[in-house]
Amino acid sequence: MALFQRLKKFFRALLVRRYRWPAQDITLPGNRLLHLVGSIHMGTQGMSPLPDALLQKLREADALIVEADVAGSDSPFDNLPPVAPLEQRLTPALQEELDKTLQTLSLSREEFEHRPAWHIALVLQATQAQRLGLRPEYGIDYQLLRAAQQYQVKILELEGTTSQLDLLRALPDDGNALLQDTLTHWHDNARLLQVMMSWWLEHPPAENEMELPGTFSQPLHEVLMQQRNQAWCDRLFALPPGRYVVAAGALHLYGDGNLPLLLRQRMAQ
């Protein structure tokens with residue numbers, strides 16, 4: 001039985017088209033062809049320009065689908081209302097961890113004193129990526145959006161920045177858990193960024209390379225990954241017939257409860 005399963009997996013793998021970038025092809029009922037691309041929201045200069053074959057897929061697509069259209073100049077995080085001081089919102093232990101990280105990054109605590117905890121977490125994650133040499137203009141989804149504008153390909157959103165902001169604002173305790181996870185898994189997150197960069201700079205992930213460091217606690221993983229994957233699955237099944245390039249964060253394509261798995265499970269029902 002074990003030999004049969006290995007042979008079955010081997011021959012199935014031969015039928016799966018491989019790309020130079022992290023991607024999977026899925027055809028939904030009703031002649032809806034999806035090219036799912038594992039995006040990274042920030043990248044290095046070596047990740048630009050995008051592969052010619054990927055750009056050709058985009059030219060032939062009826063639409064580019066992204067998590068949110070980030071090519072505009074407006075940030076959803078501008079003009080956030082101030083909140084209570086950190087000492088009123090964070091435990092002493094969490095404050096100490098935050099202070100150590102801010103000191104390591106040469107950042108002032110005063111700058112973050114009245115920001116929501118979830119926003120502090122996002123700023124720290126972006127700063128960490130920048131220190132590793134990543135820049136937003138080399139992000140995969142940003143480059144695809146710019147190319148779609150150039151080729152006059154329609155752009156659709158899986159959720160949009162307003163929905164993303166609403167999700168973050170709805171996190172319990174001002175998003176303290178997201179800040180805690182960011183600080184606790186600081187080094188794991190750096191390794192994860194390097195792994196995902198290698199998928200674009202070297203080779204896409206193979207099935208035996210899916211052991212990734214965890215950077216979310218289970219409750220946050222449920223909210224930020226699994227529930228969103230389910231919502232995106234519903235969104236993609238509602239598409240009209242056509243060809244689509246779908247750029248979603250790489251972990252949504254390869255992590256636990258990933259989007260391709262949900263799509264295949266839905267088709268098997």
# chains A, B, ... in the order shown; residues from 1 in each chain; ligands from 1
$ residues_around --residues "A:Leu122" --least-positions-apart "5" --cutoff "9 Å" --atoms "only C-alpha atoms" --output "list of chain:residue names"
A:Ala117, A:Thr127, A:Leu178, A:Leu179, A:Thr182
$ residues_around --residues "stretch 55-70 of chain A" --least-positions-apart "6" --cutoff "6 Å" --atoms "only C-alpha atoms" --output "count of residues only"
14
$ residues_around --residues "A:Ala23" --least-positions-apart "6" --cutoff "8 Å" --atoms "only C-alpha atoms" --output "list in words"
His35, Leu36, Val37, Gly38 and Pro204 of chain A
$ residues_around --residues "stretch 193-197 of chain A" --least-positions-apart "4" --cutoff "8 Å" --atoms "only C-alpha atoms" --output "list in words"
Ile40, Gly43, Ala129, Asn189, Leu201 and Ala250 of chain A
$ residues_around --residues "A:Ala238" --least-positions-apart "3" --cutoff "12 Å" --atoms "only C-alpha atoms" --output "list in words"
Leu28, Pro29, Gly30, Arg32, Leu158, Ala231, Trp232, Cys233, Asp234, Arg235, Pro241, Gly242 and Leu263 of chain A
$ atom_distance --atom1 "atom CA of A:Arg135" --atom2 "atom CA of A:Gln218"
28.9 Å
$ atom_distance --atom1 "atom CA of A:Ala206" --atom2 "atom CA of A:Met47"
19.4 Å
$ closest_residue --among "A:Phe112, A:Gln269, A:Ile140, A:Ala71" --to "A:Gln95" --atoms "only C-alpha atoms"
A:Phe112
$ select_by_dssp --residues "stretch 65-129 of chain A" --states "helix (DSSP H, G or I)" --output "MDAnalysis selection string"
chainID A and resid 86:89 92:104 109:112 117:129
$ closest_residue --among "A:Pro205, A:Ser217, A:Leu167, A:Pro260" --to "A:Asn229" --atoms "only C-alpha atoms"
A:Pro260
$ residues_around --residues "A:Asn258" --least-positions-apart "4" --cutoff "12 Å" --atoms "only C-alpha atoms" --output "number ranges by chain"
A: 24, 36, 38, 210, 221-222, 224-233, 248-254, 262-265
$ residues_around --residues "A:Leu134" --least-positions-apart "6" --cutoff "9 Å" --atoms "only C-alpha atoms" --output "list in words"
Met42, Gly43, Thr44, Gln45, Ala126 and Gln128 of chain A
$ select_by_dssp --residues "stretch 121-256 of chain A" --states "strand (DSSP E or B)" --output "list in words"
Arg135, Lys154, Ile155, Leu156, Glu157, Gly242, Arg243, Tyr244, Val245, Val246, Ala247, Ala248 and Gly249 of chain A
